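Shown next: input.cif, containing mmCIF, C-alpha atoms.
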data_final
loop_
_atom_site.label_atom_id
_atom_site.label_comp_id
_atom_site.auth_asym_id
_atom_site.auth_seq_id
_atom_site.Cartn_x
_atom_site.Cartn_y
_atom_site.Cartn_z
CA MET A 9 2.29 -57.99 -24.10
CA ASN A 10 -0.01 -55.24 -22.80
CA ASP A 11 -2.65 -56.64 -20.44
CA ARG A 12 -4.17 -53.25 -19.82
CA PRO A 13 -7.80 -52.81 -20.93
CA ASN A 14 -8.19 -50.62 -24.00
CA PHE A 15 -10.63 -48.23 -22.35
CA ILE A 16 -7.99 -46.93 -19.92
CA ALA A 17 -5.02 -47.02 -22.27
CA ALA A 18 -4.84 -43.22 -22.51
CA ARG A 19 -6.72 -42.24 -19.37
CA PRO A 20 -4.37 -41.36 -16.53
CA VAL A 21 -6.10 -40.41 -13.29
CA ALA A 22 -5.19 -37.11 -11.66
CA LEU A 23 -3.84 -37.52 -8.13
CA GLY A 24 -3.78 -34.33 -6.10
CA VAL A 25 -1.79 -34.82 -2.91
CA ALA A 26 -2.29 -32.53 0.08
CA PRO A 27 1.07 -31.46 1.60
CA GLY A 28 2.46 -34.17 3.83
CA ASP A 29 -0.45 -36.58 3.34
CA PRO A 30 0.84 -40.16 3.86
CA LEU A 31 -2.17 -41.53 1.97
CA ALA A 32 -0.47 -40.81 -1.36
CA ASP A 33 1.78 -43.87 -1.20
CA ARG A 34 -1.16 -46.18 -0.60
CA ILE A 35 -3.09 -44.63 -3.48
CA ARG A 36 -0.12 -45.22 -5.79
CA GLU A 37 0.18 -48.81 -4.58
CA ILE A 38 -3.50 -49.54 -5.19
CA ALA A 39 -3.44 -47.82 -8.60
CA GLY A 40 -0.44 -49.94 -9.56
CA ARG A 41 -2.27 -53.10 -8.53
CA MET A 42 -5.22 -52.05 -10.70
CA ALA A 43 -2.91 -51.14 -13.63
CA VAL A 44 -4.18 -47.55 -13.55
CA ASP A 45 -1.77 -44.75 -14.50
CA LEU A 46 -1.66 -41.65 -12.32
CA ALA A 47 -0.91 -38.08 -13.35
CA GLU A 48 0.02 -35.17 -11.14
CA GLY A 49 -3.05 -33.20 -10.16
CA THR A 50 -4.04 -30.40 -7.81
CA PRO A 51 -5.60 -31.15 -4.42
CA ILE A 52 -9.25 -30.12 -4.16
CA ASP A 53 -9.87 -27.57 -1.41
CA GLY A 54 -6.43 -28.43 -0.08
CA ARG A 55 -7.33 -32.10 0.41
CA THR A 56 -5.98 -35.21 -1.31
CA SER A 57 -8.11 -36.13 -4.31
CA VAL A 58 -8.36 -38.88 -6.91
CA GLY A 59 -9.90 -37.45 -10.04
CA SER A 60 -12.84 -35.39 -8.74
CA THR A 61 -13.23 -37.41 -5.54
CA ILE A 62 -11.90 -35.99 -2.28
CA LEU A 63 -10.57 -38.65 0.07
CA PRO A 64 -11.58 -38.09 3.68
CA ASP A 65 -8.36 -38.73 5.59
CA ALA A 66 -5.25 -40.88 5.87
CA ASP A 67 -7.34 -43.78 7.19
CA ALA A 68 -9.41 -44.08 4.00
CA ALA A 69 -10.30 -47.71 3.32
CA ASP A 70 -8.81 -49.46 0.31
CA TRP A 71 -12.28 -49.90 -1.20
CA LEU A 72 -12.83 -46.14 -1.12
CA ILE A 73 -9.59 -45.52 -3.01
CA GLU A 74 -10.51 -48.22 -5.52
CA ALA A 75 -13.98 -46.73 -6.02
CA ALA A 76 -12.49 -43.26 -6.54
CA LEU A 77 -10.07 -44.62 -9.15
CA LEU A 78 -12.89 -46.45 -10.94
CA ARG A 79 -15.02 -43.30 -10.93
CA ALA A 80 -12.21 -41.32 -12.55
CA LEU A 81 -11.83 -43.96 -15.29
CA GLU A 82 -15.50 -43.55 -16.34
CA PRO A 83 -16.08 -47.22 -17.28
CA ARG A 84 -18.86 -48.03 -19.72
CA HIS A 85 -19.58 -51.59 -18.53
CA VAL A 86 -19.31 -52.74 -14.91
CA LEU A 87 -19.72 -56.42 -13.99
CA PHE A 88 -20.31 -57.83 -10.50
CA LEU A 89 -19.30 -61.44 -9.91
CA CYS A 90 -19.89 -64.02 -7.21
CA VAL A 91 -20.59 -67.75 -7.29
CA ALA A 92 -24.37 -68.17 -7.41
CA ASN A 93 -25.38 -64.70 -8.70
CA SER A 94 -28.22 -64.88 -6.21
CA ALA A 95 -27.48 -62.36 -3.44
CA ARG A 96 -24.43 -60.05 -3.29
CA SER A 97 -23.91 -59.56 -7.01
CA GLN A 98 -27.67 -59.13 -7.56
CA LEU A 99 -27.81 -56.47 -4.84
CA ALA A 100 -24.82 -54.73 -6.40
CA GLU A 101 -26.34 -54.80 -9.88
CA GLY A 102 -29.63 -53.35 -8.67
CA ILE A 103 -28.00 -50.57 -6.66
CA ALA A 104 -25.50 -49.71 -9.41
CA ARG A 105 -28.22 -49.49 -12.05
CA ALA A 106 -30.25 -47.16 -9.86
CA LEU A 107 -27.24 -44.92 -9.26
CA ALA A 108 -26.22 -45.03 -12.93
CA ARG A 109 -29.62 -43.64 -13.93
CA GLN A 110 -28.74 -40.53 -11.94
CA SER A 111 -25.20 -40.10 -13.28
CA GLY A 112 -22.48 -42.26 -14.75
CA PRO A 113 -19.07 -42.64 -13.09
CA GLY A 114 -17.19 -39.38 -13.03
CA GLY A 115 -20.44 -37.49 -13.64
CA SER A 116 -20.54 -38.72 -17.23
CA THR A 117 -23.86 -38.51 -19.08
CA ILE A 118 -22.92 -41.49 -21.29
CA PRO A 119 -25.03 -44.55 -20.40
CA VAL A 120 -23.28 -47.15 -18.25
CA LYS A 121 -24.07 -50.85 -18.66
CA VAL A 122 -24.26 -52.80 -15.39
CA SER A 123 -24.26 -56.62 -15.26
CA SER A 124 -23.88 -59.42 -12.75
CA ALA A 125 -23.08 -63.11 -13.09
CA GLY A 126 -21.86 -66.18 -11.26
CA SER A 127 -19.77 -69.26 -11.94
CA GLU A 128 -22.61 -71.49 -10.65
CA PRO A 129 -25.80 -69.44 -11.13
CA THR A 130 -28.91 -70.50 -9.25
CA ARG A 131 -31.80 -68.08 -8.62
CA VAL A 132 -32.26 -64.59 -7.24
CA ARG A 133 -32.87 -64.78 -3.50
CA PRO A 134 -36.25 -63.37 -2.43
CA GLN A 135 -34.48 -61.58 0.44
CA ALA A 136 -32.39 -59.63 -2.10
CA ILE A 137 -35.57 -58.57 -3.89
CA ALA A 138 -37.21 -57.62 -0.59
CA VAL A 139 -34.40 -55.46 0.85
CA LEU A 140 -33.93 -53.56 -2.40
CA ARG A 141 -37.66 -52.96 -2.60
CA GLU A 142 -37.33 -51.28 0.81
CA ILE A 143 -35.18 -48.57 -0.80
CA GLY A 144 -37.24 -48.25 -3.97
CA ILE A 145 -35.28 -50.58 -6.28
CA ASP A 146 -37.11 -53.36 -8.15
CA ILE A 147 -35.08 -56.43 -9.19
CA SER A 148 -38.03 -58.84 -9.25
CA HIS A 149 -37.43 -59.31 -12.98
CA HIS A 150 -33.75 -60.27 -12.54
CA ARG A 151 -32.47 -63.79 -13.15
CA SER A 152 -29.20 -65.48 -12.26
CA ASN A 153 -26.70 -65.40 -15.12
CA GLY A 154 -23.61 -67.42 -15.91
CA VAL A 155 -20.30 -65.85 -16.84
CA ASP A 156 -20.80 -66.90 -20.47
CA ASP A 157 -24.05 -64.89 -20.57
CA VAL A 158 -22.25 -61.58 -20.02
CA GLU A 159 -22.09 -59.22 -22.98
CA ARG A 160 -18.55 -58.18 -23.87
CA PRO A 161 -16.49 -56.07 -23.54
CA VAL A 162 -16.41 -55.46 -19.80
CA ASP A 163 -14.37 -52.54 -18.48
CA VAL A 164 -14.52 -53.21 -14.74
CA VAL A 165 -15.03 -56.48 -12.83
CA VAL A 166 -15.90 -56.35 -9.13
CA THR A 167 -15.73 -59.70 -7.33
CA LEU A 168 -17.72 -59.96 -4.11
CA CYS A 169 -16.91 -63.44 -2.77
CA ALA A 170 -15.54 -63.77 0.76
CA GLU A 171 -15.41 -67.37 1.90
CA GLU A 172 -15.77 -68.96 -1.55
CA VAL A 173 -13.49 -69.13 -4.57
CA CYS A 174 -14.56 -66.32 -6.87
CA PRO A 175 -15.19 -66.83 -10.57
CA VAL A 176 -12.20 -66.13 -12.78
CA TRP A 177 -12.53 -63.43 -15.44
CA LEU A 178 -9.89 -64.06 -18.10
CA GLU A 179 -10.53 -61.11 -20.39
CA LYS A 180 -8.96 -57.66 -20.11
CA SER A 181 -10.59 -55.48 -17.49
CA VAL A 182 -9.85 -53.48 -14.39
CA ARG A 183 -10.43 -55.79 -11.43
CA VAL A 184 -11.19 -55.03 -7.81
CA HIS A 185 -12.16 -57.43 -5.04
CA TRP A 186 -14.70 -56.38 -2.42
CA GLY A 187 -15.10 -59.54 -0.36
CA LEU A 188 -18.39 -59.43 1.57
CA PRO A 189 -19.86 -62.28 3.64
CA ASP A 190 -22.72 -64.15 2.00
CA PRO A 191 -25.95 -63.00 3.71
CA ALA A 192 -27.79 -66.15 2.61
CA GLY A 193 -28.14 -68.44 5.60
CA ALA A 194 -26.73 -65.87 8.03
CA GLY A 195 -28.15 -65.80 11.54
CA GLY A 196 -30.42 -68.22 13.31
CA SER A 197 -33.77 -66.85 12.20
CA GLU A 198 -35.45 -65.47 9.09
CA GLU A 199 -35.33 -61.95 10.51
CA GLU A 200 -31.61 -62.24 11.28
CA GLU A 201 -30.98 -63.43 7.73
CA LEU A 202 -33.03 -60.56 6.32
CA GLN A 203 -31.00 -58.14 8.44
CA ALA A 204 -27.81 -59.64 6.99
CA PHE A 205 -29.17 -58.84 3.52
CA ARG A 206 -29.88 -55.27 4.65
CA ASP A 207 -26.35 -54.92 6.02
CA THR A 208 -24.88 -56.14 2.70
CA ARG A 209 -27.21 -53.82 0.77
CA ASP A 210 -26.15 -50.82 2.84
CA GLU A 211 -22.44 -51.58 2.52
CA LEU A 212 -22.71 -51.97 -1.24
CA ARG A 213 -24.70 -48.75 -1.54
CA ARG A 214 -22.03 -46.94 0.48
CA ARG A 215 -19.27 -48.16 -1.83
CA LEU A 216 -21.11 -47.79 -5.11
CA SER A 217 -22.20 -44.28 -4.20
CA VAL A 218 -18.52 -43.30 -4.25
CA LEU A 219 -18.18 -44.80 -7.73
CA PHE A 220 -21.25 -43.02 -9.11
CA THR A 221 -21.52 -39.83 -7.03
CA GLY A 222 -18.07 -39.35 -5.52
CA ARG A 223 -19.24 -39.69 -1.92
CA PRO A 224 -20.61 -42.49 0.25
CA GLN A 225 -24.29 -42.52 1.21
#
Please express the file's structure as structure tokens.
Amino acid sequence: MNDRPNFIAARPVALGVAPGDPLADRIREIAGRMAVDLAEGTPIDGRTSVGSTILPDADAADWLIEAALLRALEPRHVLFLCVANSARSQLAEGIARALARQSGPGGSTIPVKVSSAGSEPTRVRPQAIAVLREIGIDISHHRSNGVDDVERPVDVVVTLCAEEVCPVWLEKSVRVHWGLPDPAGAGGSEEEELQAFRDTRDELRRRLSVLFTGRPQ
């Protein structure tokens, strides 16, 4: 039985390895875990590359490699999951939609659908709305969605839970896990909690910028 999502069935990702770069083995390991096929490519400007994304050095984080692989696959529907769909996944949805309006993954001009959901949806945290407003993104109209509310098919699922048990997505998709601490309730004051939301926002923007633009912001 083939558990590989249909959208990547014939879409190998070009891996261009700079001479002697030890990062290549880790890229192959991560691609295997994601069920993504690799094809021999040419390094860009003499540096190791995944698709059109140049990887900075041998210490590249796993999330950066995963984001580069996802970018090369050019998914058409990306879903962010956590438990309550109130903070992390809402931040991710808002940032990803803003980036997708500029360019789809891989530079594609084909529209990309972005969704978020939770296994126990509650409400969108006002702190999430506030910190995205600070960078010009409006999610005041968002609501928390359950997994059953998500339109199918989904090409890529990104789970964001850290301390909780993440929702299970049983359908075919490429899955990556970016476990980030829940900013809700962090710190001993309202300002400390708001700063935790900003920190989560900035980390998600850094990662999603690789997916949509090929470089972190």
Find the residues around Leu89 (chain A) up to 7 Å (all atoms listed in the file counted), leave out those fewer than 5 positions away in its own chain, and share them as a list in words. Ser97, Ser124, Ala125, Gly126, Val166, Thr167, Leu168 and Pro175 of chain A
Looking at all atoms listed in the file, which of A:Glu82, A:Asp29, A:Glu211, A:Glu48 is the one that sits closest to Pro64 (chain A)?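 Smallest separation from Pro64 (chain A) among the options: A:Asp29.
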Please measure the separation of CA of Ala76 (chain A) and CA of Ile143 (chain A), giving the value in Å to one decimal.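 Atom-to-atom, CA of Ala76 (chain A) to CA of Ile143 (chain A), that is 24.0 Å.
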I would like the residues chosen by the PyMOL selection byres ((chain A and resi 32) around 12) on the shown file; could you give them as a PyMOL selection string? chain A and resi 22-31+33-39+46+48-49+51+55-58+63+65-68+73
Which of these, A:Ile52, A:Val218, A:Val120, A:Ala204, has the shortest distance to Ala192 (chain A) once you count all atoms listed in the file? A:Ala204
Output, as lines of an AutoDock Vina configuration file, the centre and edge lengths in Å (one decimal) of the axis-aligned box that contains all listed atoms of region 216-221 of chain A with 4 Å of margin on each side.
center_x = -20.2
center_y = -43.8
center_z = -6.7
size_x = 12.0
size_y = 16.0
size_z = 12.9
At what distance in Å, to one decimal, does CA of Glu101 (chain A) lie from CA of Trp177 (chain A)?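 Between CA of Trp177 (chain A) and CA of Glu101 (chain A) the gap is 17.2 Å.
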So which residues touch Asn153 (chain A) within 9 Å, counting all atoms listed in the file, skipping near sequence neighbours fewer than 3 positions away, as a list in words?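 Surrounding residues, per the criterion: Ala92, Asn93, Ser124, Ala125, Gly126, Ser127, Glu128, Pro129, Thr130, Arg131, Asp156, Asp157 and Val158 of chain A.
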Missing atoms in region 19-47 of chain A: can you complete it with N, CA and C atoms, as a PDB file, in the coordinates of the input?
ATOM      1  N   ARG A  19      -5.879 -42.940 -20.333  1.00  0.00           N
ATOM      2  CA  ARG A  19      -6.720 -42.240 -19.370  1.00  0.00           C
ATOM      3  C   ARG A  19      -6.052 -42.221 -17.994  1.00  0.00           C
ATOM      4  N   PRO A  20      -4.970 -41.464 -17.865  1.00  0.00           N
ATOM      5  CA  PRO A  20      -4.370 -41.360 -16.530  1.00  0.00           C
ATOM      6  C   PRO A  20      -5.289 -40.623 -15.578  1.00  0.00           C
ATOM      7  N   VAL A  21      -5.253 -41.010 -14.316  1.00  0.00           N
ATOM      8  CA  VAL A  21      -6.100 -40.410 -13.290  1.00  0.00           C
ATOM      9  C   VAL A  21      -5.304 -39.380 -12.521  1.00  0.00           C
ATOM     10  N   ALA A  22      -5.873 -38.190 -12.379  1.00  0.00           N
ATOM     11  CA  ALA A  22      -5.190 -37.110 -11.660  1.00  0.00           C
ATOM     12  C   ALA A  22      -5.185 -37.392 -10.163  1.00  0.00           C
ATOM     13  N   LEU A  23      -4.002 -37.356  -9.577  1.00  0.00           N
ATOM     14  CA  LEU A  23      -3.840 -37.520  -8.130  1.00  0.00           C
ATOM     15  C   LEU A  23      -3.334 -36.201  -7.558  1.00  0.00           C
ATOM     16  N   GLY A  24      -4.185 -35.566  -6.765  1.00  0.00           N
ATOM     17  CA  GLY A  24      -3.780 -34.330  -6.100  1.00  0.00           C
ATOM     18  C   GLY A  24      -3.474 -34.612  -4.645  1.00  0.00           C
ATOM     19  N   VAL A  25      -2.229 -34.444  -4.259  1.00  0.00           N
ATOM     20  CA  VAL A  25      -1.790 -34.820  -2.910  1.00  0.00           C
ATOM     21  C   VAL A  25      -1.690 -33.586  -2.022  1.00  0.00           C
ATOM     22  N   ALA A  26      -2.413 -33.605  -0.903  1.00  0.00           N
ATOM     23  CA  ALA A  26      -2.290 -32.530   0.080  1.00  0.00           C
ATOM     24  C   ALA A  26      -0.898 -32.609   0.712  1.00  0.00           C
ATOM     25  N   PRO A  27      -0.283 -31.462   1.037  1.00  0.00           N
ATOM     26  CA  PRO A  27       1.070 -31.460   1.600  1.00  0.00           C
ATOM     27  C   PRO A  27       1.181 -32.386   2.814  1.00  0.00           C
ATOM     28  N   GLY A  28       2.158 -33.291   2.719  1.00  0.00           N
ATOM     29  CA  GLY A  28       2.460 -34.170   3.830  1.00  0.00           C
ATOM     30  C   GLY A  28       1.482 -35.306   4.064  1.00  0.00           C
ATOM     31  N   ASP A  29       0.544 -35.521   3.142  1.00  0.00           N
ATOM     32  CA  ASP A  29      -0.450 -36.580   3.340  1.00  0.00           C
ATOM     33  C   ASP A  29       0.169 -37.951   3.066  1.00  0.00           C
ATOM     34  N   PRO A  30       0.237 -38.837   4.069  1.00  0.00           N
ATOM     35  CA  PRO A  30       0.840 -40.160   3.860  1.00  0.00           C
ATOM     36  C   PRO A  30      -0.023 -41.094   3.029  1.00  0.00           C
ATOM     37  N   LEU A  31      -1.271 -40.684   2.747  1.00  0.00           N
ATOM     38  CA  LEU A  31      -2.170 -41.530   1.970  1.00  0.00           C
ATOM     39  C   LEU A  31      -1.690 -41.713   0.533  1.00  0.00           C
ATOM     40  N   ALA A  32      -0.875 -40.796   0.050  1.00  0.00           N
ATOM     41  CA  ALA A  32      -0.470 -40.810  -1.360  1.00  0.00           C
ATOM     42  C   ALA A  32       0.214 -42.117  -1.741  1.00  0.00           C
ATOM     43  N   ASP A  33       1.075 -42.636  -0.876  1.00  0.00           N
ATOM     44  CA  ASP A  33       1.780 -43.870  -1.200  1.00  0.00           C
ATOM     45  C   ASP A  33       0.820 -45.036  -1.354  1.00  0.00           C
ATOM     46  N   ARG A  34      -0.188 -45.082  -0.493  1.00  0.00           N
ATOM     47  CA  ARG A  34      -1.160 -46.180  -0.600  1.00  0.00           C
ATOM     48  C   ARG A  34      -2.001 -46.043  -1.852  1.00  0.00           C
ATOM     49  N   ILE A  35      -2.341 -44.828  -2.238  1.00  0.00           N
ATOM     50  CA  ILE A  35      -3.090 -44.630  -3.480  1.00  0.00           C
ATOM     51  C   ILE A  35      -2.258 -45.114  -4.664  1.00  0.00           C
ATOM     52  N   ARG A  36      -0.984 -44.783  -4.682  1.00  0.00           N
ATOM     53  CA  ARG A  36      -0.120 -45.220  -5.790  1.00  0.00           C
ATOM     54  C   ARG A  36       0.000 -46.733  -5.819  1.00  0.00           C
ATOM     55  N   GLU A  37       0.089 -47.349  -4.648  1.00  0.00           N
ATOM     56  CA  GLU A  37       0.180 -48.810  -4.580  1.00  0.00           C
ATOM     57  C   GLU A  37      -1.077 -49.468  -5.127  1.00  0.00           C
ATOM     58  N   ILE A  38      -2.236 -48.963  -4.727  1.00  0.00           N
ATOM     59  CA  ILE A  38      -3.500 -49.540  -5.190  1.00  0.00           C
ATOM     60  C   ILE A  38      -3.686 -49.299  -6.688  1.00  0.00           C
ATOM     61  N   ALA A  39      -3.348 -48.108  -7.164  1.00  0.00           N
ATOM     62  CA  ALA A  39      -3.440 -47.820  -8.600  1.00  0.00           C
ATOM     63  C   ALA A  39      -2.542 -48.748  -9.398  1.00  0.00           C
ATOM     64  N   GLY A  40      -1.347 -49.019  -8.877  1.00  0.00           N
ATOM     65  CA  GLY A  40      -0.440 -49.940  -9.560  1.00  0.00           C
ATOM     66  C   GLY A  40      -1.024 -51.336  -9.631  1.00  0.00           C
ATOM     67  N   ARG A  41      -1.644 -51.781  -8.560  1.00  0.00           N
ATOM     68  CA  ARG A  41      -2.270 -53.100  -8.530  1.00  0.00           C
ATOM     69  C   ARG A  41      -3.410 -53.189  -9.538  1.00  0.00           C
ATOM     70  N   MET A  42      -4.108 -52.080  -9.751  1.00  0.00           N
ATOM     71  CA  MET A  42      -5.220 -52.050 -10.700  1.00  0.00           C
ATOM     72  C   MET A  42      -4.764 -51.732 -12.119  1.00  0.00           C
ATOM     73  N   ALA A  43      -3.467 -51.504 -12.323  1.00  0.00           N
ATOM     74  CA  ALA A  43      -2.910 -51.140 -13.630  1.00  0.00           C
ATOM     75  C   ALA A  43      -3.486 -49.825 -14.139  1.00  0.00           C
ATOM     76  N   VAL A  44      -3.669 -48.883 -13.211  1.00  0.00           N
ATOM     77  CA  VAL A  44      -4.180 -47.550 -13.550  1.00  0.00           C
ATOM     78  C   VAL A  44      -3.038 -46.548 -13.446  1.00  0.00           C
ATOM     79  N   ASP A  45      -2.810 -45.780 -14.513  1.00  0.00           N
ATOM     80  CA  ASP A  45      -1.770 -44.750 -14.500  1.00  0.00           C
ATOM     81  C   ASP A  45      -2.255 -43.516 -13.761  1.00  0.00           C
ATOM     82  N   LEU A  46      -1.350 -42.883 -13.038  1.00  0.00           N
ATOM     83  CA  LEU A  46      -1.660 -41.650 -12.320  1.00  0.00           C
ATOM     84  C   LEU A  46      -0.920 -40.483 -12.950  1.00  0.00           C
ATOM     85  N   ALA A  47      -1.533 -39.317 -12.899  1.00  0.00           N
ATOM     86  CA  ALA A  47      -0.910 -38.080 -13.350  1.00  0.00           C
ATOM     87  C   ALA A  47      -0.952 -37.081 -12.207  1.00  0.00           C
TER      88      ALA A  47
END
